[in-house]
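Asks: Input: one structure, supplied below.
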Amino acid sequence: MELVESSGWRVLDKNGRRVEGDELDEHVVLLYFSSGDAPECARFDRIFKGFYEILQGLGTKSGKDCVADVQAIFVPLGTTAAQAEAHFQEHHGDWLMLDCSQSEEALQRYQVSSAPAVVVVDCDGIPVDDTARGKISIVMVLARCGLGRLAARRLLGQWKELCGVQNHLPDDDLVPGRPRHMQRRASKVTQIAATSPLSIIILVMKFVTLAMQLSTVESAYG
């Protein structure tokens, strides 16, 4: 990853191993800006962890291994190195962390004004989506209806296209037991959410429609 190499970023995994930039080539990278002390960040930690687990689960389907080609980097804010490391180990998933001393540089580079925030970047460090937090939240709402995998696959596919990363994921990832017209409706909602920042009212209306139809269908199938 050109950003890691050119900026001298020190990125570590959970075992303390320094990750080289070329290990992130051909990956969609999610920069996760968060402060462990803020209640809103603590809440989103759980949402982001659940979303990332869904993404990693996309790497296998029907017994065939695929590659999710996605990696997250935690950018700790407003904390000491020891506190950031402790929070990373206890509350974060199996992803990476930027050295605490370099967080301010990342904050300024991507003009992040509040946390939590998620910025999607390509292998050169160029931002391709700075509204990812809201989209991730939508995916996790759909996950409560059993549609999280479908929604996450579509969103990741769009990020890969923006980043110029080849999509190794299967084209079809329907949810077993769901009628196809319901799959299409969920897909449409997430596609719209992933392409433009919509008003909360529109998103809520679409989700309520989806939830009502899911309830009706599930009741019919008893």
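The chains in the structure tokens are called A, B, ... from first to last as shown; in each chain the residues are counted from 1, and the ligands are counted from 1 in the order shown.
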Near range 23-39 of chain A, within 6 Å and counting only C-alpha atoms, which residues show up once chain neighbours fewer than 5 positions away are dropped, as a VMD selection string?
Replies: chain A and resid 1 69 to 77 115 to 123 165
Asks: Apply DSSP to the structure's backbone, then extract all residues of range 5-79 of chain A labelled helix (DSSP H, G or I) and return them as a list in words.
Replies: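 Of range 5-79 of chain A, only Glu5, Ser6, Ser7, Gly21, Asp22, Glu23, Leu24, Pro39, Glu40, Cys41, Ala42, Arg43, Phe44, Asp45, Arg46, Ile47, Phe48, Lys49, Gly50, Phe51, Tyr52, Glu53, Ile54, Leu55, Gln56 and Gly57 of chain A fall in helix (DSSP H, G or I).
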Asks: Suppose we keep C-alpha atoms; can you now write the selection as a compact mmCIF listing (two decimals), in the first residue's frame?
Replies:
```
# COMPACT_ATOMS: atom_id res chain seq x y z
CA GLU A 5 5.21 3.11 2.44
CA SER A 6 5.35 6.81 1.51
CA SER A 7 4.09 8.22 4.81
CA GLY A 21 2.54 -1.82 2.84
CA ASP A 22 2.67 -4.48 0.15
CA GLU A 23 0.55 -6.75 2.35
CA LEU A 24 -2.33 -4.33 1.81
CA PRO A 39 -19.80 6.41 24.44
CA GLU A 40 -20.76 6.86 20.78
CA CYS A 41 -17.46 5.32 19.72
CA ALA A 42 -17.93 2.42 22.11
CA ARG A 43 -21.35 1.72 20.59
CA PHE A 44 -20.02 1.88 17.06
CA ASP A 45 -17.10 -0.40 17.99
CA ARG A 46 -19.62 -3.22 18.30
CA ILE A 47 -21.38 -2.29 15.06
CA PHE A 48 -18.13 -2.10 13.13
CA LYS A 49 -16.91 -5.38 14.60
CA GLY A 50 -20.10 -7.14 13.53
CA PHE A 51 -19.87 -5.66 10.05
CA TYR A 52 -16.24 -6.67 9.65
CA GLU A 53 -17.04 -10.23 10.71
CA ILE A 54 -19.70 -10.37 7.99
CA LEU A 55 -17.15 -9.12 5.43
CA GLN A 56 -14.66 -11.77 6.45
CA GLY A 57 -17.38 -14.39 6.22
```
Asks: Could you tell me how far CA of Trp95 in chain A sits from CA of Met140 in chain A, in Å to one decimal place?
Replies: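 Calculated distance between CA of Met140 in chain A and CA of Trp95 in chain A is 18.7 Å.
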Asks: Can you work out the spacing between CA of Lys135 in chain A and CA of Leu155 in chain A in Å, to one decimal?
Replies: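 Going from CA of Lys135 in chain A over to CA of Leu155 in chain A, I get 8.1 Å.
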Asks: Out of range 33-154 of chain A, which residues get strand (DSSP E) from DSSP, as a list in words?
Replies: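 Taking range 33-154 of chain A and keeping strand (DSSP E) only, one gets Phe33, Ser34, Thr60, Lys61, Lys64, Asp65, Val70, Gln71, Ala72, Ile73, Phe74, Val75, Pro76, Leu96, Met97, Leu98, Ala117, Val118, Val119, Val120, Val121, Pro127, Val128 and Asp129 of chain A.
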Asks: Convert the current residue selection to file output with N, CA and C atoms, as a CSV table (one decimal), in the first residue's frame.
Replies:
```
chain,number,residue,atom,x,y,z
A,33,PHE,N,-11.6,5.6,12.5
A,33,PHE,CA,-11.2,6.6,13.5
A,33,PHE,C,-12.2,6.5,14.7
A,34,SER,N,-11.6,6.2,15.9
A,34,SER,CA,-12.4,6.0,17.1
A,34,SER,C,-11.6,6.4,18.3
A,60,THR,N,-16.0,-17.2,2.1
A,60,THR,CA,-16.2,-18.7,1.9
A,60,THR,C,-17.7,-18.8,1.5
A,61,LYS,N,-17.9,-19.6,0.4
A,61,LYS,CA,-19.3,-19.9,0.0
A,61,LYS,C,-19.3,-21.3,-0.6
A,64,LYS,N,-16.2,-23.3,-1.2
A,64,LYS,CA,-15.1,-22.8,-2.0
A,64,LYS,C,-14.5,-21.6,-1.4
A,65,ASP,N,-13.2,-21.5,-1.2
A,65,ASP,CA,-12.6,-20.4,-0.7
A,65,ASP,C,-12.5,-19.2,-1.7
A,70,VAL,N,-10.3,-7.3,2.0
A,70,VAL,CA,-10.6,-6.1,2.8
A,70,VAL,C,-9.8,-6.1,4.1
A,71,GLN,N,-9.4,-4.9,4.5
A,71,GLN,CA,-8.6,-4.8,5.8
A,71,GLN,C,-9.0,-3.5,6.5
A,72,ALA,N,-9.1,-3.6,7.8
A,72,ALA,CA,-9.4,-2.4,8.5
A,72,ALA,C,-8.2,-1.9,9.3
A,73,ILE,N,-8.1,-0.6,9.5
A,73,ILE,CA,-7.0,-0.1,10.3
A,73,ILE,C,-7.6,0.9,11.4
A,74,PHE,N,-7.5,0.5,12.6
A,74,PHE,CA,-8.0,1.4,13.7
A,74,PHE,C,-7.0,2.6,13.9
A,75,VAL,N,-7.6,3.8,13.9
A,75,VAL,CA,-6.8,5.0,14.1
A,75,VAL,C,-7.3,5.6,15.4
A,76,PRO,N,-6.5,5.3,16.5
A,76,PRO,CA,-6.9,5.8,17.9
A,76,PRO,C,-6.8,7.3,18.0
A,96,LEU,N,-6.1,-4.2,12.1
A,96,LEU,CA,-4.8,-3.6,12.4
A,96,LEU,C,-5.0,-2.3,13.1
A,97,MET,N,-3.9,-1.7,13.6
A,97,MET,CA,-3.9,-0.5,14.3
A,97,MET,C,-2.8,0.4,13.9
A,98,LEU,N,-3.1,1.7,13.7
A,98,LEU,CA,-2.0,2.7,13.4
A,98,LEU,C,-1.4,3.1,14.7
A,117,ALA,N,-15.7,7.6,12.8
A,117,ALA,CA,-15.7,7.8,11.4
A,117,ALA,C,-15.0,6.6,10.7
A,118,VAL,N,-15.5,6.3,9.5
A,118,VAL,CA,-14.9,5.3,8.6
A,118,VAL,C,-14.6,5.9,7.3
A,119,VAL,N,-13.4,5.9,6.8
A,119,VAL,CA,-13.0,6.4,5.5
A,119,VAL,C,-12.4,5.2,4.7
A,120,VAL,N,-13.0,5.0,3.6
A,120,VAL,CA,-12.6,3.9,2.7
A,120,VAL,C,-11.5,4.4,1.7
A,121,VAL,N,-10.4,3.8,1.7
A,121,VAL,CA,-9.3,4.3,0.8
A,121,VAL,C,-8.8,3.2,-0.1
A,127,PRO,N,-9.0,8.6,-0.7
A,127,PRO,CA,-10.3,8.3,-0.2
A,127,PRO,C,-11.3,8.1,-1.3
A,128,VAL,N,-12.1,7.0,-1.2
A,128,VAL,CA,-13.2,6.8,-2.2
A,128,VAL,C,-14.5,6.8,-1.6
A,129,ASP,N,-14.6,6.8,-0.3
A,129,ASP,CA,-15.9,6.9,0.4
A,129,ASP,C,-15.7,7.4,1.8
```
Asks: Find, counting only C-alpha atoms, the residue in A:Asp124, A:Asp13, A:Glu20, A:Asp130 that gets nearest to Asp94 in chain A.
Replies: A:Asp13
